[in-house]
file target-v4.tsv (TSV, C-alpha atoms and all ligand atoms)
chain	number	residue	atom	x	y	z
A	1	MET	CA	-3.52	-18.37	40.17
A	2	ASN	CA	-5.23	-16.44	37.36
A	3	ASN	CA	-6.14	-18.35	34.23
A	4	VAL	CA	-3.91	-18.08	31.17
A	5	GLU	CA	-6.19	-15.61	29.36
A	6	ASP	CA	-5.91	-13.13	32.25
A	7	ARG	CA	-2.14	-13.34	32.10
A	8	LEU	CA	-1.85	-13.09	28.32
A	9	PRO	CA	0.56	-10.22	27.56
A	10	LYS	CA	-1.12	-7.16	26.07
A	11	HIS	CA	1.95	-6.02	24.16
A	12	VAL	CA	4.68	-8.27	22.78
A	13	ALA	CA	7.77	-6.87	21.02
A	14	ILE	CA	10.26	-8.77	18.89
A	15	ILE	CA	13.78	-7.80	17.85
A	16	MET	CA	13.92	-9.89	14.69
A	17	ASP	CA	17.64	-10.63	14.61
A	18	GLY	CA	19.74	-13.20	12.77
A	19	ASN	CA	18.39	-13.00	9.23
A	20	GLY	CA	21.88	-12.48	7.81
A	21	ARG	CA	23.43	-15.35	9.77
A	22	TRP	CA	20.51	-17.65	8.87
A	23	ALA	CA	21.35	-17.08	5.20
A	24	GLN	CA	25.14	-17.20	5.55
A	25	LYS	CA	24.95	-20.52	7.42
A	26	ARG	CA	23.22	-21.96	4.35
A	27	GLY	CA	25.63	-20.35	1.87
A	28	TYR	CA	23.00	-17.87	0.62
A	29	GLN	CA	23.17	-14.09	0.21
A	30	ARG	CA	22.09	-12.12	3.31
A	31	SER	CA	19.06	-10.90	1.36
A	32	MET	CA	17.65	-14.44	1.37
A	33	GLY	CA	17.57	-14.26	5.15
A	34	HIS	CA	15.53	-11.06	5.03
A	35	LEU	CA	13.13	-12.62	2.54
A	36	GLU	CA	12.69	-15.69	4.73
A	37	GLY	CA	12.32	-13.42	7.79
A	38	SER	CA	9.52	-11.52	6.08
A	39	LYS	CA	7.62	-14.78	5.47
A	40	THR	CA	8.08	-15.75	9.12
A	41	LEU	CA	6.81	-12.33	10.25
A	42	GLU	CA	3.68	-12.53	8.12
A	43	LYS	CA	2.62	-15.89	9.60
A	44	LEU	CA	3.80	-15.22	13.13
A	45	GLY	CA	2.12	-11.80	13.27
A	46	ILE	CA	-1.25	-13.34	12.46
A	47	TYR	CA	-0.65	-16.21	14.92
A	48	ILE	CA	0.29	-13.89	17.81
A	49	LEU	CA	-2.53	-11.38	17.30
A	50	LYS	CA	-5.10	-14.16	16.82
A	51	LYS	CA	-4.22	-15.40	20.29
A	52	GLY	CA	-5.78	-12.21	21.64
A	53	ILE	CA	-2.55	-10.28	22.27
A	54	ASP	CA	-3.46	-6.64	21.56
A	55	VAL	CA	-0.21	-5.31	20.11
A	56	LEU	CA	2.83	-6.81	18.40
A	57	SER	CA	5.75	-4.44	17.82
A	58	VAL	CA	8.58	-5.56	15.55
A	59	PHE	CA	11.97	-3.99	14.84
A	60	ALA	CA	12.15	-3.99	11.04
A	61	PHE	CA	14.85	-1.36	10.44
A	62	SER	CA	16.77	0.80	12.90
A	63	THR	CA	18.00	4.34	12.26
A	64	GLU	CA	21.50	2.80	12.47
A	65	ASN	CA	20.73	0.19	9.78
A	66	PHE	CA	21.33	2.90	7.15
A	67	LYS	CA	25.04	2.25	7.81
A	68	ARG	CA	24.73	-1.12	6.00
A	69	SER	CA	25.77	-1.50	2.36
A	70	LYS	CA	23.62	0.35	-0.19
A	71	GLU	CA	22.81	-3.00	-1.75
A	72	GLU	CA	21.38	-4.40	1.50
A	73	VAL	CA	19.48	-1.20	2.38
A	74	ASP	CA	17.97	-1.08	-1.13
A	75	TYR	CA	17.01	-4.75	-0.91
A	76	LEU	CA	15.26	-4.22	2.42
A	77	MET	CA	13.41	-1.10	1.24
A	78	ASN	CA	12.17	-2.93	-1.87
A	79	LEU	CA	11.16	-5.91	0.28
A	80	PHE	CA	9.17	-3.60	2.57
A	81	ILE	CA	7.30	-2.18	-0.43
A	82	GLU	CA	6.60	-5.67	-1.77
A	83	MET	CA	5.32	-6.83	1.62
A	84	PHE	CA	3.15	-3.80	2.31
A	85	THR	CA	1.59	-3.63	-1.14
A	86	LYS	CA	1.13	-7.35	-1.85
A	87	LYS	CA	1.93	-9.94	0.80
A	88	PHE	CA	0.36	-8.21	3.78
A	89	LYS	CA	-3.11	-8.49	2.21
A	90	LYS	CA	-3.55	-11.49	4.52
A	91	LEU	CA	-3.16	-9.19	7.53
A	92	GLN	CA	-5.90	-6.98	6.15
A	93	LYS	CA	-8.14	-10.03	5.70
A	94	GLU	CA	-7.53	-11.00	9.32
A	95	GLY	CA	-8.65	-7.55	10.50
A	96	ILE	CA	-5.23	-6.49	11.76
A	97	LYS	CA	-4.43	-2.79	12.00
A	98	VAL	CA	-0.92	-1.92	10.81
A	99	VAL	CA	0.86	1.16	12.16
A	100	PHE	CA	4.43	2.37	11.76
A	101	SER	CA	6.82	3.92	14.26
A	102	GLY	CA	9.96	5.83	13.36
A	103	ARG	CA	11.26	8.89	11.56
A	104	ARG	CA	10.09	9.53	8.01
A	105	LYS	CA	13.37	11.11	6.89
A	106	PRO	CA	15.40	9.86	5.00
A	107	LEU	CA	13.03	7.07	3.85
A	108	ARG	CA	12.35	6.97	0.10
A	109	ASP	CA	9.06	8.38	-1.18
A	110	ASP	CA	7.96	5.02	-2.59
A	111	VAL	CA	8.54	3.35	0.79
A	112	LEU	CA	6.60	6.11	2.60
A	113	LYS	CA	3.76	5.77	0.10
A	114	ALA	CA	3.50	2.00	0.68
A	115	MET	CA	3.54	2.58	4.46
A	116	ASP	CA	0.88	5.31	4.31
A	117	GLU	CA	-1.37	3.17	2.12
A	118	MET	CA	-1.02	0.18	4.44
A	119	GLU	CA	-1.96	2.34	7.45
A	120	GLU	CA	-4.88	3.91	5.62
A	121	LYS	CA	-6.28	0.57	4.41
A	122	THR	CA	-6.15	-1.04	7.84
A	123	LYS	CA	-6.99	1.94	10.06
A	124	ASN	CA	-10.47	0.73	11.03
A	125	ASN	CA	-9.39	-2.84	11.78
A	126	THR	CA	-9.93	-4.03	15.33
A	127	LYS	CA	-8.31	-7.49	15.61
A	128	GLY	CA	-4.96	-6.42	17.03
A	129	ILE	CA	-2.26	-3.92	16.11
A	130	LEU	CA	0.96	-4.71	14.26
A	131	ASN	CA	3.38	-1.86	15.02
A	132	ILE	CA	6.24	-1.96	12.53
A	133	CYS	CA	9.26	0.01	13.72
A	134	LEU	CA	10.97	1.21	10.55
A	135	ASN	CA	13.77	3.76	10.59
A	136	TYR	CA	13.22	3.60	14.31
A	137	GLY	CA	15.45	4.43	17.29
A	138	GLY	CA	14.36	4.49	20.92
A	139	GLN	CA	16.52	7.50	21.84
A	140	GLU	CA	15.34	9.30	18.70
A	141	GLU	CA	11.71	8.63	19.75
A	142	LEU	CA	12.36	10.25	23.15
A	143	ILE	CA	14.09	13.25	21.52
A	144	ASP	CA	11.20	13.67	19.06
A	145	ALA	CA	8.68	13.42	21.92
A	146	SER	CA	10.62	16.05	23.90
A	147	CYS	CA	10.52	18.42	20.90
A	148	LYS	CA	6.73	17.97	20.56
A	149	ILE	CA	6.30	18.60	24.30
A	150	ALA	CA	8.44	21.77	24.11
A	151	GLU	CA	6.38	22.95	21.13
A	152	ASP	CA	3.06	22.36	22.93
A	153	TYR	CA	4.38	24.07	26.05
A	154	LYS	CA	5.54	27.08	24.01
A	155	ASN	CA	2.12	27.34	22.35
A	156	GLY	CA	0.31	27.12	25.69
A	157	LYS	CA	-1.23	23.75	24.80
A	158	LEU	CA	0.48	21.88	27.61
A	159	ASP	CA	0.59	22.51	31.31
A	160	LEU	CA	3.75	20.85	32.67
A	161	VAL	CA	2.12	19.69	35.92
A	162	SER	CA	-0.23	17.55	33.84
A	163	LEU	CA	2.70	15.61	32.39
A	164	ASN	CA	2.81	12.04	33.72
A	165	LYS	CA	3.59	8.57	32.35
A	166	GLU	CA	0.26	8.32	30.51
A	167	SER	CA	0.26	11.81	29.00
A	168	PHE	CA	3.95	11.50	28.02
A	169	SER	CA	3.11	8.33	26.14
A	170	LYS	CA	0.82	10.34	23.83
A	171	TYR	CA	3.89	12.22	22.54
A	172	LEU	CA	5.61	9.01	21.44
A	173	TYR	CA	5.27	7.82	17.82
A	174	ARG	CA	2.33	5.62	18.91
A	175	ASP	CA	0.36	5.63	22.13
A	176	LEU	CA	0.64	1.92	22.95
A	177	PRO	CA	0.44	-0.04	26.21
A	178	PRO	CA	3.74	-0.90	27.94
A	179	ILE	CA	5.61	-3.92	26.57
A	180	ASP	CA	4.97	-7.00	28.70
A	181	LEU	CA	7.21	-9.41	26.82
A	182	LEU	CA	10.26	-8.59	24.72
A	183	ILE	CA	11.80	-11.35	22.62
A	184	ARG	CA	15.16	-11.11	20.86
A	185	THR	CA	16.21	-13.87	18.52
A	186	SER	CA	19.70	-14.99	17.41
A	187	GLY	CA	21.50	-15.16	20.76
A	188	GLU	CA	22.41	-11.47	21.10
A	189	LEU	CA	21.76	-10.09	24.60
A	190	ARG	CA	21.14	-6.42	23.80
A	191	ILE	CA	18.27	-3.95	23.58
A	192	SER	CA	19.84	-2.09	20.62
A	193	ASN	CA	17.95	1.19	21.08
A	194	PHE	CA	14.55	-0.47	20.73
A	195	MET	CA	11.42	0.87	22.49
A	196	LEU	CA	13.20	2.23	25.58
A	197	TYR	CA	10.24	4.00	27.20
A	198	GLN	CA	7.73	1.21	26.57
A	199	MET	CA	10.15	-1.47	27.83
A	200	ALA	CA	10.57	-0.14	31.38
A	201	TYR	CA	9.12	-3.25	33.06
A	202	SER	CA	9.03	-5.78	30.25
A	203	GLU	CA	10.06	-9.38	30.79
A	204	MET	CA	12.81	-10.36	28.38
A	205	VAL	CA	13.25	-13.66	26.61
A	206	PHE	CA	16.38	-14.26	24.55
A	207	THR	CA	16.65	-17.23	22.23
A	208	ASP	CA	19.48	-18.56	20.06
A	209	VAL	CA	17.07	-19.28	17.19
A	210	TYR	CA	17.60	-17.05	14.12
A	211	PHE	CA	14.49	-15.05	13.25
A	212	PRO	CA	13.54	-16.90	10.02
A	213	ASP	CA	13.26	-20.10	12.15
A	214	PHE	CA	11.28	-18.39	14.95
A	215	LYS	CA	7.89	-19.95	14.26
A	216	GLU	CA	4.70	-20.64	16.24
A	217	LYS	CA	6.32	-23.37	18.37
A	218	GLU	CA	9.23	-21.10	19.31
A	219	PHE	CA	6.85	-18.26	20.18
A	220	ASP	CA	4.77	-20.54	22.42
A	221	ALA	CA	7.95	-21.57	24.26
A	222	ALA	CA	8.75	-17.87	24.88
A	223	LEU	CA	5.20	-17.35	26.15
A	224	GLU	CA	5.58	-20.31	28.53
A	225	GLU	CA	8.78	-18.71	29.83
A	226	TYR	CA	6.89	-15.44	30.35
A	227	TYR	CA	4.16	-17.20	32.36
A	228	LYS	CA	6.81	-18.55	34.72
A	229	ARG	CA	8.04	-15.05	35.58
A	230	ASN	CA	6.92	-13.31	38.74
A	231	ARG	CA	6.23	-9.72	37.72
A	232	ARG	CA	6.64	-7.39	40.68
A	233	PHE	CA	6.89	-3.95	39.04
A	234	GLY	CA	9.24	-2.76	41.77
A	235	GLY	CA	7.09	-4.18	44.58
A	236	ASN	CA	7.93	-7.32	46.51
A	301	LIG	C1	18.21	-8.20	11.64
A	301	LIG	O1	18.94	-9.32	11.16
A	301	LIG	C2	17.10	-7.95	10.78
A	301	LIG	C3	16.89	-6.80	10.07
A	301	LIG	C4	17.81	-5.66	10.09
A	301	LIG	C5	15.72	-6.67	9.18
A	301	LIG	C6	14.44	-7.25	9.70
A	301	LIG	C7	13.58	-7.42	8.53
A	301	LIG	C8	12.75	-8.44	8.29
A	301	LIG	C9	12.44	-9.53	9.22
A	301	LIG	C10	12.13	-8.45	6.94
A	301	LIG	C11	10.68	-8.24	6.90
A	301	LIG	C12	10.15	-7.12	7.62
A	301	LIG	C13	9.00	-6.49	7.26
A	301	LIG	C14	8.46	-5.45	8.15
A	301	LIG	C15	8.30	-6.81	6.03
A	301	LIG	P1	20.43	-9.08	10.69
A	301	LIG	O2	20.43	-8.78	9.25
A	301	LIG	O3	21.07	-8.04	11.55
A	301	LIG	O4	21.04	-10.48	10.96
A	301	LIG	P2	22.54	-10.79	11.40
A	301	LIG	O5	22.71	-10.20	12.77
A	301	LIG	O6	22.58	-12.27	11.39
A	301	LIG	O7	23.44	-10.18	10.38
call {"tool": "encode", "arguments": {"input": "target-v4.tsv", "output": "structure tokens", "more": "lines below"}}
Ligand code: FPP
result
Amino acid sequence: MNNVEDRLPKHVAIIMDGNGRWAQKRGYQRSMGHLEGSKTLEKLGIYILKKGIDVLSVFAFSTENFKRSKEEVDYLMNLFIEMFTKKFKKLQKEGIKVVFSGRRKPLRDDVLKAMDEMEEKTKNNTKGILNICLNYGGQEELIDASCKIAEDYKNGKLDLVSLNKESFSKYLYRDLPPIDLLIRTSGELRISNFMLYQMAYSEMVFTDVYFPDFKEKEFDAALEEYYKRNRRFGGN
């Protein structure tokens, strides 16, 4: 049996679900759940990456989330700006590199500016990557990658026989290792158009805990569950 360090996942992804229900259960506005979720993410992100896990991807806002009320979308966008410009300074101090995945349109200019500045400020950091999926869709990512591939092929920059799993990955929003462990909080048993390509062989852990309550202890329990799994990657 390998020691725990050898088996530490390289890439963990979290579908941070249940913010709204966390708030409603307490008689608060849904926005309070998002605020509490953002505090959980800040602490948990540092905790996970400090363990030596290389990449943490989180689903912050899906392309479909634009269907929510204007009030909720506006609240979330303003919260993102607040987090990226002020609260996430701790991540910078910890040496964490922040990157974003997703489509830029139709995000507001002030949101894009906060994202760009966060990326720029942390681009030389080496103590783990926090990949924030914002205005993100897994099918959209594959469509966008296909368009870039077609463009490179048309311009003679790509030879189709050289296309394989590794080179395809370079056309995705971010060239990241495959996801080893996917966690979804709040009891829903769905993938919801999250990182479809990267998730091909990931182990999945679903928990009933709402995201704002998903703290260090809950993450360690998910990691324990992951260590129990026998990963065969299609072999036997
Ligand atoms: C899903 O819960 C959560 C979201 C759509 C937003 C996730 C955002 C955060 C955790 C805020 C902080 C993020 C960053 C990157 C600063 P839901 O609203 O769908 O919950 P429900 O299913 O209970 O309604």
call {"tool": "closest_atom_pairs", "arguments": {"input": "target-v4.tsv", "of": "chain A", "to": "ligand LIG 301 (chain A)", "cutoff": "6 Å", "atoms": "only C-alpha atoms and all ligand atoms", "output": "tab-separated table"}}
result
residue	atom	partner	partner_atom	distance
A:Met16	CA	A:LIG301	C2	5.4
A:Asp17	CA	A:LIG301	C1	3.9
A:Gly18	CA	A:LIG301	O6	3.3
A:Asn19	CA	A:LIG301	O4	4.0
A:Gly20	CA	A:LIG301	O6	3.7
A:Arg21	CA	A:LIG301	O6	3.6
A:His34	CA	A:LIG301	C10	4.7
A:Gly37	CA	A:LIG301	C9	4.1
A:Ser38	CA	A:LIG301	C11	3.6
A:Ala60	CA	A:LIG301	C6	4.2
A:Phe61	CA	A:LIG301	C4	5.2
A:Phe80	CA	A:LIG301	C15	4.8
A:Met83	CA	A:LIG301	C15	5.3
call {"tool": "closest_residue", "arguments": {"input": "target-v4.tsv", "among": "A:Lys148, A:Ile14, A:Glu166, A:Asn78", "to": "A:Met204", "atoms": "all atoms listed in the file"}}
result
A:Ile14
call {"tool": "atom_distance", "arguments": {"input": "target-v4.tsv", "atom1": "atom CA of A:Glu94", "atom2": "atom CA of A:Tyr136"}}
result
25.9 Å
call {"tool": "atom_distance", "arguments": {"input": "target-v4.tsv", "atom1": "atom CA of A:Gly102", "atom2": "atom CA of A:Asn135"}}
result
5.1 Å
call {"tool": "residues_around", "arguments": {"input": "target-v4.tsv", "residues": "A:Asp180", "least_positions_apart": "4", "cutoff": "10 Å", "atoms": "all atoms listed in the file", "output": "VMD selection string"}}
result
chain A and resid 8 to 13 198 to 204 226 231
call {"tool": "closest_residue", "arguments": {"input": "target-v4.tsv", "among": "A:Gly156, A:Gly187, A:Gly27, A:Gly137", "to": "A:Leu172", "atoms": "only C-alpha atoms"}}
result
A:Gly137
call {"tool": "atom_distance", "arguments": {"input": "target-v4.tsv", "atom1": "atom CA of A:Gln24", "atom2": "atom CA of A:Asp213"}}
result
13.9 Å
call {"tool": "axis_aligned_box", "arguments": {"input": "target-v4.tsv", "around": "stretch 107-113 of chain A", "padding_each_side": "5 Å", "output": "AutoDock Vina command-line options"}}
result
--center_x 8.4 --center_y 5.9 --center_z 0.6 --size_x 19.3 --size_y 15.0 --size_z 16.4
call {"tool": "decode", "arguments": {"input": "target-v4.tsv", "residues": "stretch 18-76 of chain A", "atoms": "C-alpha atoms", "output": "mmCIF file, in the first residue's frame"}}
result
data_model
loop_
_atom_site.group_PDB
_atom_site.id
_atom_site.type_symbol
_atom_site.label_atom_id
_atom_site.label_comp_id
_atom_site.auth_asym_id
_atom_site.auth_seq_id
_atom_site.Cartn_x
_atom_site.Cartn_y
_atom_site.Cartn_z
ATOM 1 C CA GLY A 18 -26.916 24.345 -1.256
ATOM 2 C CA ASN A 19 -26.148 27.973 -0.411
ATOM 3 C CA GLY A 20 -29.769 28.984 -1.014
ATOM 4 C CA ARG A 21 -31.218 26.149 1.071
ATOM 5 C CA TRP A 22 -28.701 26.811 3.875
ATOM 6 C CA ALA A 23 -30.085 30.356 4.113
ATOM 7 C CA GLN A 24 -33.760 29.471 3.663
ATOM 8 C CA LYS A 25 -33.550 26.845 6.426
ATOM 9 C CA ARG A 26 -32.489 29.644 8.773
ATOM 10 C CA GLY A 27 -35.119 32.102 7.529
ATOM 11 C CA TYR A 28 -32.524 34.299 5.774
ATOM 12 C CA GLN A 29 -32.430 35.656 2.221
ATOM 13 C CA ARG A 30 -30.682 33.349 -0.292
ATOM 14 C CA SER A 31 -27.923 35.944 -0.612
ATOM 15 C CA MET A 32 -26.844 35.212 2.977
ATOM 16 C CA GLY A 33 -26.131 31.651 1.892
ATOM 17 C CA HIS A 34 -23.860 32.882 -0.901
ATOM 18 C CA LEU A 35 -22.052 35.189 1.512
ATOM 19 C CA GLU A 36 -21.524 32.356 3.984
ATOM 20 C CA GLY A 37 -20.460 30.071 1.108
ATOM 21 C CA SER A 38 -17.823 32.579 0.050
ATOM 22 C CA LYS A 39 -16.344 32.574 3.575
ATOM 23 C CA THR A 40 -16.285 28.775 3.561
ATOM 24 C CA LEU A 41 -14.546 28.758 0.159
ATOM 25 C CA GLU A 42 -11.839 31.173 1.267
ATOM 26 C CA LYS A 43 -10.856 29.029 4.268
ATOM 27 C CA LEU A 44 -11.369 25.668 2.613
ATOM 28 C CA GLY A 45 -9.395 26.648 -0.490
ATOM 29 C CA ILE A 46 -6.358 27.485 1.615
ATOM 30 C CA TYR A 47 -6.787 24.308 3.696
ATOM 31 C CA ILE A 48 -7.031 22.025 0.644
ATOM 32 C CA LEU A 49 -4.129 23.545 -1.285
ATOM 33 C CA LYS A 50 -1.925 23.633 1.830
ATOM 34 C CA LYS A 51 -2.323 19.871 2.066
ATOM 35 C CA GLY A 52 -0.296 19.623 -1.139
ATOM 36 C CA ILE A 53 -3.191 19.084 -3.553
ATOM 37 C CA ASP A 54 -2.095 20.836 -6.767
ATOM 38 C CA VAL A 55 -5.408 22.118 -8.105
ATOM 39 C CA LEU A 56 -8.806 22.948 -6.633
ATOM 40 C CA SER A 57 -11.569 23.717 -9.136
ATOM 41 C CA VAL A 58 -14.824 25.211 -7.866
ATOM 42 C CA PHE A 59 -18.135 25.830 -9.628
ATOM 43 C CA ALA A 60 -18.938 29.439 -8.727
ATOM 44 C CA PHE A 61 -21.449 30.320 -11.457
ATOM 45 C CA SER A 62 -22.743 28.266 -14.375
ATOM 46 C CA THR A 63 -23.751 29.639 -17.783
ATOM 47 C CA GLU A 64 -27.287 28.550 -16.788
ATOM 48 C CA ASN A 65 -27.205 30.552 -13.529
ATOM 49 C CA PHE A 66 -27.990 33.685 -15.573
ATOM 50 C CA LYS A 67 -31.586 32.373 -15.580
ATOM 51 C CA ARG A 68 -31.874 33.276 -11.860
ATOM 52 C CA SER A 69 -33.522 36.516 -10.734
ATOM 53 C CA LYS A 70 -31.672 39.727 -11.629
ATOM 54 C CA GLU A 71 -31.424 40.455 -7.923
ATOM 55 C CA GLU A 72 -29.610 37.182 -7.182
ATOM 56 C CA VAL A 73 -27.316 37.432 -10.236
ATOM 57 C CA ASP A 74 -26.403 41.025 -9.312
ATOM 58 C CA TYR A 75 -25.747 39.995 -5.714
ATOM 59 C CA LEU A 76 -23.433 37.189 -6.806
#
